[in-house]
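Asks: Following this line is data-v4.cif, made up of mmCIF, C-alpha atoms:
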```
data_run
#
loop_
_atom_site.group_PDB
_atom_site.id
_atom_site.type_symbol
_atom_site.label_atom_id
_atom_site.label_comp_id
_atom_site.auth_asym_id
_atom_site.auth_seq_id
_atom_site.Cartn_x
_atom_site.Cartn_y
_atom_site.Cartn_z
ATOM 1 C CA MET A 236 17.731 217.615 302.682
ATOM 2 C CA LEU A 237 16.738 220.425 300.310
ATOM 3 C CA LYS A 238 12.930 220.487 300.116
ATOM 4 C CA ASN A 239 11.696 223.786 298.642
ATOM 5 C CA VAL A 240 13.378 226.672 296.804
ATOM 6 C CA ILE A 241 11.678 230.041 296.346
ATOM 7 C CA PHE A 242 13.097 232.218 293.564
ATOM 8 C CA ASP A 243 12.900 235.927 293.064
ATOM 9 C CA TYR A 244 12.590 236.730 289.337
ATOM 10 C CA GLY A 245 14.318 240.022 288.520
ATOM 11 C CA ASN A 246 18.116 239.644 288.560
ATOM 12 C CA VAL A 247 17.829 236.053 289.709
ATOM 13 C CA LEU A 248 16.051 234.472 286.747
ATOM 14 C CA ILE A 249 15.857 237.497 284.404
ATOM 15 C CA ASP A 250 18.578 240.102 283.867
ATOM 16 C CA TRP A 251 16.642 243.346 284.425
ATOM 17 C CA SER A 252 17.778 246.936 284.817
ATOM 18 C CA PRO A 253 16.376 250.380 283.885
ATOM 19 C CA TRP A 254 19.903 251.215 282.721
ATOM 20 C CA TYR A 255 19.502 248.862 279.755
ATOM 21 C CA LEU A 256 16.763 251.123 278.419
ATOM 22 C CA PHE A 257 17.674 254.571 279.650
ATOM 23 C CA LEU A 258 21.452 254.683 279.181
ATOM 24 C CA PRO A 259 21.191 254.328 275.381
ATOM 25 C CA HIS A 260 18.149 256.607 275.434
ATOM 26 C CA PHE A 261 20.224 259.349 277.063
ATOM 27 C CA GLY A 262 22.988 258.862 274.502
ATOM 28 C CA GLY A 263 25.275 256.953 276.851
ATOM 29 C CA ASP A 264 25.431 259.847 279.326
ATOM 30 C CA GLU A 265 25.836 258.029 282.634
ATOM 31 C CA SER A 266 25.220 261.152 284.716
ATOM 32 C CA LYS A 267 21.874 261.858 283.065
ATOM 33 C CA CYS A 268 20.863 258.220 283.283
ATOM 34 C CA ARG A 269 21.802 257.960 286.945
ATOM 35 C CA HIS A 270 19.851 261.091 287.805
ATOM 36 C CA PHE A 271 16.795 259.767 285.964
ATOM 37 C CA VAL A 272 16.742 256.233 287.410
ATOM 38 C CA GLU A 273 17.604 257.359 290.942
ATOM 39 C CA ASN A 274 15.405 260.463 291.162
ATOM 40 C CA ILE A 275 12.643 260.282 288.516
ATOM 41 C CA CYS A 276 11.763 256.680 287.583
ATOM 42 C CA SER A 277 13.203 255.593 290.910
ATOM 43 C CA ARG A 278 12.874 252.292 292.740
ATOM 44 C CA GLU A 279 10.550 253.957 295.234
ATOM 45 C CA TRP A 280 8.324 255.051 292.355
ATOM 46 C CA PHE A 281 8.153 251.782 290.444
ATOM 47 C CA THR A 282 7.616 249.811 293.643
ATOM 48 C CA ARG A 283 4.170 251.428 293.653
ATOM 49 C CA ILE A 284 3.555 249.699 290.313
ATOM 50 C CA ASP A 285 4.973 246.458 291.712
ATOM 51 C CA ARG A 286 2.403 246.715 294.522
ATOM 52 C CA GLY A 287 -0.391 246.811 291.978
ATOM 53 C CA GLU A 288 -1.013 250.473 291.257
ATOM 54 C CA SER A 289 -1.868 251.112 287.614
ATOM 55 C CA MET A 290 1.226 251.695 285.511
ATOM 56 C CA ASP A 291 -0.649 254.241 283.400
ATOM 57 C CA SER A 292 -1.791 256.115 286.508
ATOM 58 C CA CYS A 293 1.671 256.144 288.076
ATOM 59 C CA ILE A 294 3.235 257.337 284.838
ATOM 60 C CA ALA A 295 0.659 260.109 284.425
ATOM 61 C CA GLN A 296 1.255 261.300 287.982
ATOM 62 C CA LEU A 297 5.024 261.325 287.476
ATOM 63 C CA GLN A 298 4.697 263.149 284.167
ATOM 64 C CA SER A 299 2.632 265.853 285.842
ATOM 65 C CA GLN A 300 5.329 266.166 288.513
ATOM 66 C CA TYR A 301 8.200 266.248 285.978
ATOM 67 C CA PRO A 302 6.706 267.516 282.695
ATOM 68 C CA GLU A 303 10.175 268.093 281.259
ATOM 69 C CA TYR A 304 10.703 264.299 281.430
ATOM 70 C CA ALA A 305 7.229 263.326 280.177
ATOM 71 C CA GLN A 306 8.409 261.493 277.052
ATOM 72 C CA ASP A 307 11.251 259.781 278.901
ATOM 73 C CA ILE A 308 8.915 258.565 281.662
ATOM 74 C CA ALA A 309 6.522 257.084 279.091
ATOM 75 C CA LEU A 310 9.294 254.750 277.930
ATOM 76 C CA PHE A 311 9.057 252.875 281.234
ATOM 77 C CA ARG A 312 5.734 251.539 279.947
ATOM 78 C CA ASP A 313 6.178 251.668 276.181
ATOM 79 C CA ARG A 314 9.580 249.946 276.093
ATOM 80 C CA TRP A 315 9.467 248.021 279.367
ATOM 81 C CA PHE A 316 10.922 244.870 277.850
ATOM 82 C CA ASP A 317 14.016 246.796 276.723
ATOM 83 C CA MET A 318 14.939 246.719 280.425
ATOM 84 C CA CYS A 319 15.155 242.906 280.199
ATOM 85 C CA HIS A 320 18.364 241.392 278.847
ATOM 86 C CA GLY A 321 17.223 237.795 278.820
ATOM 87 C CA GLU A 322 17.452 234.873 281.177
ATOM 88 C CA ILE A 323 20.305 234.532 283.663
ATOM 89 C CA PRO A 324 22.583 231.809 282.224
ATOM 90 C CA GLY A 325 22.179 228.416 283.838
ATOM 91 C CA MET A 326 19.073 229.184 285.870
ATOM 92 C CA GLN A 327 16.677 227.222 283.652
ATOM 93 C CA GLN A 328 18.933 224.197 283.896
ATOM 94 C CA LEU A 329 19.112 224.574 287.673
ATOM 95 C CA ILE A 330 15.331 224.730 287.990
ATOM 96 C CA ASP A 331 14.956 221.684 285.743
ATOM 97 C CA SER A 332 17.489 219.817 287.885
ATOM 98 C CA LEU A 333 15.723 220.761 291.118
ATOM 99 C CA LYS A 334 12.385 219.563 289.768
ATOM 100 C CA ALA A 335 13.907 216.292 288.566
ATOM 101 C CA GLN A 336 15.190 215.693 292.089
ATOM 102 C CA GLY A 337 11.757 216.292 293.592
ATOM 103 C CA VAL A 338 12.559 219.696 295.071
ATOM 104 C CA GLY A 339 9.608 222.097 295.211
ATOM 105 C CA VAL A 340 10.141 225.206 293.078
ATOM 106 C CA PHE A 341 8.247 228.439 293.789
ATOM 107 C CA GLY A 342 8.369 232.082 292.742
ATOM 108 C CA LEU A 343 8.035 235.253 294.806
ATOM 109 C CA SER A 344 8.571 238.421 292.819
ATOM 110 C CA ASN A 345 7.920 242.136 292.758
ATOM 111 C CA TRP A 346 6.626 242.509 289.178
ATOM 112 C CA PRO A 347 4.170 244.810 287.351
ATOM 113 C CA ALA A 348 0.797 243.274 286.531
ATOM 114 C CA GLU A 349 0.816 244.804 283.041
ATOM 115 C CA THR A 350 3.901 242.900 281.886
ATOM 116 C CA PHE A 351 3.733 239.636 283.819
ATOM 117 C CA SER A 352 1.705 237.448 281.429
ATOM 118 C CA ARG A 353 3.819 238.439 278.443
ATOM 119 C CA ALA A 354 7.011 237.913 280.459
ATOM 120 C CA ARG A 355 5.954 234.341 281.294
ATOM 121 C CA GLU A 356 5.391 233.714 277.594
ATOM 122 C CA LYS A 357 8.612 235.429 276.518
ATOM 123 C CA PHE A 358 10.950 233.858 279.076
ATOM 124 C CA HIS A 359 10.743 230.099 279.417
ATOM 125 C CA VAL A 360 12.338 230.122 282.859
ATOM 126 C CA LEU A 361 9.405 232.138 284.242
ATOM 127 C CA GLY A 362 6.825 229.956 282.529
ATOM 128 C CA SER A 363 8.397 226.867 284.066
ATOM 129 C CA ILE A 364 7.390 228.007 287.580
ATOM 130 C CA ASP A 365 3.726 227.194 288.172
ATOM 131 C CA ARG A 366 3.474 228.055 291.873
ATOM 132 C CA TYR A 367 4.146 231.671 292.666
ATOM 133 C CA VAL A 368 3.004 234.912 294.270
ATOM 134 C CA ILE A 369 3.412 238.132 292.274
ATOM 135 C CA SER A 370 3.389 241.418 294.178
ATOM 136 C CA SER A 371 1.068 243.338 291.861
ATOM 137 C CA HIS A 372 -1.517 240.536 291.993
ATOM 138 C CA VAL A 373 -1.813 240.709 295.784
ATOM 139 C CA GLY A 374 -1.136 244.368 296.614
ATOM 140 C CA LEU A 375 1.997 243.564 298.612
ATOM 141 C CA ALA A 376 5.699 243.792 297.841
ATOM 142 C CA LYS A 377 8.916 242.447 299.313
ATOM 143 C CA PRO A 378 10.348 242.959 301.854
ATOM 144 C CA ASP A 379 6.930 243.207 303.552
ATOM 145 C CA PRO A 380 6.696 239.996 305.643
ATOM 146 C CA ALA A 381 3.029 239.672 304.671
ATOM 147 C CA ILE A 382 3.852 238.646 301.093
ATOM 148 C CA TYR A 383 6.150 235.850 302.300
ATOM 149 C CA ARG A 384 3.455 234.613 304.666
ATOM 150 C CA LEU A 385 0.953 234.669 301.816
ATOM 151 C CA LEU A 386 3.175 232.382 299.750
ATOM 152 C CA MET A 387 3.607 230.040 302.722
ATOM 153 C CA ASP A 388 -0.124 229.910 303.352
ATOM 154 C CA ARG A 389 -1.121 229.533 299.721
ATOM 155 C CA TYR A 390 1.036 226.461 299.176
ATOM 156 C CA GLY A 391 1.138 225.017 302.686
ATOM 157 C CA LEU A 392 4.872 225.559 303.129
ATOM 158 C CA GLU A 393 6.870 225.415 306.336
ATOM 159 C CA PRO A 394 9.408 228.268 306.480
ATOM 160 C CA SER A 395 12.119 226.032 307.924
ATOM 161 C CA GLU A 396 11.826 223.773 304.857
ATOM 162 C CA CYS A 397 12.323 226.617 302.368
ATOM 163 C CA VAL A 398 15.368 228.333 300.888
ATOM 164 C CA PHE A 399 14.671 231.811 299.543
ATOM 165 C CA VAL A 400 16.901 233.236 296.787
ATOM 166 C CA ASP A 401 16.962 236.964 296.000
ATOM 167 C CA ASP A 402 19.463 239.543 294.743
ATOM 168 C CA ARG A 403 18.545 242.106 297.438
ATOM 169 C CA THR A 404 19.815 241.815 300.991
ATOM 170 C CA ASP A 405 16.701 243.369 302.530
ATOM 171 C CA ASN A 406 14.478 240.795 300.826
ATOM 172 C CA VAL A 407 16.680 237.911 301.959
ATOM 173 C CA ASN A 408 16.767 239.238 305.516
ATOM 174 C CA ALA A 409 12.968 239.437 305.598
ATOM 175 C CA ALA A 410 12.721 235.775 304.617
ATOM 176 C CA VAL A 411 15.273 234.746 307.232
ATOM 177 C CA SER A 412 13.383 236.691 309.905
ATOM 178 C CA LEU A 413 10.375 234.478 309.189
ATOM 179 C CA GLY A 414 12.342 231.278 309.635
ATOM 180 C CA MET A 415 13.451 230.528 306.091
ATOM 181 C CA HIS A 416 16.966 229.910 304.910
ATOM 182 C CA GLY A 417 18.232 232.713 302.700
ATOM 183 C CA ILE A 418 20.735 233.036 299.879
ATOM 184 C CA LEU A 419 21.836 236.317 298.347
ATOM 185 C CA PHE A 420 22.139 235.653 294.613
ATOM 186 C CA GLU A 421 25.319 237.057 293.092
ATOM 187 C CA GLY A 422 24.802 236.214 289.436
ATOM 188 C CA SER A 423 26.158 232.667 289.183
ATOM 189 C CA ALA A 424 23.846 229.675 288.755
ATOM 190 C CA GLU A 425 26.776 227.334 289.432
ATOM 191 C CA LYS A 426 27.587 229.039 292.734
ATOM 192 C CA LEU A 427 23.910 229.060 293.714
ATOM 193 C CA GLU A 428 23.581 225.340 293.062
ATOM 194 C CA LYS A 429 26.501 224.627 295.390
ATOM 195 C CA GLU A 430 24.980 226.878 298.071
ATOM 196 C CA LEU A 431 21.568 225.228 297.753
ATOM 197 C CA PHE A 432 22.918 221.738 298.261
ATOM 198 C CA SER A 433 24.900 222.795 301.306
ATOM 199 C CA PHE A 434 21.648 222.829 303.293
#
```
Could you write out this file's structure as structure tokens?
Replies:
Amino acid sequence: MLKNVIFDYGNVLIDWSPWYLFLPHFGGDESKCRHFVENICSREWFTRIDRGESMDSCIAQLQSQYPEYAQDIALFRDRWFDMCHGEIPGMQQLIDSLKAQGVGVFGLSNWPAETFSRAREKFHVLGSIDRYVISSHVGLAKPDPAIYRLLMDRYGLEPSECVFVDDRTDNVNAAVSLGMHGILFEGSAEKLEKELFSF
């Protein structure tokens, strides 16, 4: 019987990508955008923010390293919500259905501290999850096993009774290594629901 589901937020509940902001900013030039999001405002860089480092500090450091991109880098903070394209269709309904059936619903997300409160207000699906661990609040980020253990300890969860849903294979594998069931989310709430109730 399905007992607890733990949801990642970005690209599971919220459609998020730096491309949504920076591709139009660079005039639709995919080569320029790719270079910027892979080498300047890269995942490695913004994971520091997800772990709780100050966004302003990280931006200032990156601007000093790449002064020619200073104005572009500032957009990561100033227009952060332009990287969000709304809620993933069907996920709110799935969460509501899980709750109605008595399934525990939890969140575990890498997310900047500076935008989290507003995101919960802006996106109903995030606000509907009351039990969660956010990376920037605890100084840890997936796929570090410590952040999964923190969630388990905080809410008294047994790994074997939890299904973890994430869009990144490394994050799913980390959960599975700790004894959870894992599902790699591929964009479809309908498909996810079928996978969840196969446990």
Asks: Val407 (chain A): which residues within 8 Å, counting only C-alpha atoms, same-chain residues fewer than 6 positions away excluded, as a ChimeraX atom specification?
Replies: /A:399-401,417-419
Asks: For Asp317 (chain A), which of A:Leu237, A:Leu256, A:Ala354, A:Leu427 is the closest residue, counting all atoms listed in the file?
Replies: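 That would be A:Leu256, the residue with the smallest distance to Asp317 (chain A).
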Asks: Apply the PyMOL selection byres ((chain A and resi 434) around 7) to the displayed file and report the matching residues as a PyMOL selection string.
Replies: chain A and resi 236-237+431-433
Asks: Write out, as a CSV table (one decimal), keeping the file's coordinate frame, the residues just selected, with C-alpha atoms.
Replies:
```csv
chain,number,residue,atom,x,y,z
A,236,MET,CA,17.7,217.6,302.7
A,237,LEU,CA,16.7,220.4,300.3
A,431,LEU,CA,21.6,225.2,297.8
A,432,PHE,CA,22.9,221.7,298.3
A,433,SER,CA,24.9,222.8,301.3
```
Asks: Take the PyMOL selection byres ((chain A and resi 327) around 12), apply it to the structure above, and return the hits as a PyMOL selection string.
Replies: chain A and resi 242+244+247-249+321-326+328-334+340+358-364+424-425+428
Asks: May I have the residues within 7 Å of His416 (chain A) as a ChimeraX atom specification, using all atoms listed in the file and disregarding those fewer than 6 positions away in the same chain?
Replies: /A:395,397-399
Asks: Report as a list in words the residues that result from applying the PyMOL selection byres ((chain A and resi 288-301) around 10) to the structure here.
Replies: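 This file, filtered by the PyMOL selection byres ((chain A and resi 288-301) around 10), leaves Ile275, Cys276, Trp280, Phe281, Thr282, Arg283, Ile284, Asp285, Arg286, Gly287, Pro302, Glu303, Tyr304, Ala305, Gln306, Asp307, Ile308, Ala309, Leu310, Phe311, Arg312, Pro347, Ala348, Glu349, Thr350, Ser371, His372 and Gly374 of chain A.
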Asks: Could you jot down the CA of Lys377 (chain A) to CA of Asn239 (chain A) separation for me, Å, one decimal place?
Replies: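 That distance, rounded to one decimal, is 18.9 Å.
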Asks: Quick check, in Å to one decimal: how far apart do CA of Asp405 (chain A) and CA of Pro378 (chain A) lie?
Replies: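 Between CA of Asp405 (chain A) and CA of Pro378 (chain A) the gap is 6.4 Å.
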Asks: Counting only C-alpha atoms, which of A:Phe420, A:Phe351, A:Phe257, A:Phe341 gets nearest to Val368 (chain A)?
Replies: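 Under the stated criterion, the closest residue is A:Phe341.
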Asks: Quick one: pull the distance between CA of Leu343 (chain A) and CA of Leu386 (chain A), Å, one decimal.
Replies: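 That distance, rounded to one decimal, is 7.5 Å.
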Asks: Under the rule that all atoms listed in the file are counted, which of A:Glu279, A:Glu356, A:Tyr255, A:Asp365 is the nearest residue to Trp315 (chain A)?
Replies: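 Of A:Glu279, A:Glu356, A:Tyr255, A:Asp365, the one nearest Trp315 (chain A) is A:Tyr255, counting all atoms listed in the file.
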Asks: Counting only C-alpha atoms, which of A:Pro380, A:Gly262, A:Gly337, A:Gly245 gets nearest to Val411 (chain A)?
Replies: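 Nearest candidate to Val411 (chain A) out of A:Pro380, A:Gly262, A:Gly337, A:Gly245: A:Pro380.
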Asks: Choose the residue, out of A:Ser423, A:Gly339, A:Arg353, A:His320, that has the smallest atom-to-atom separation from Leu392 (chain A); count only C-alpha atoms.
Replies: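 The answer is A:Gly339, which sits nearest to Leu392 (chain A).
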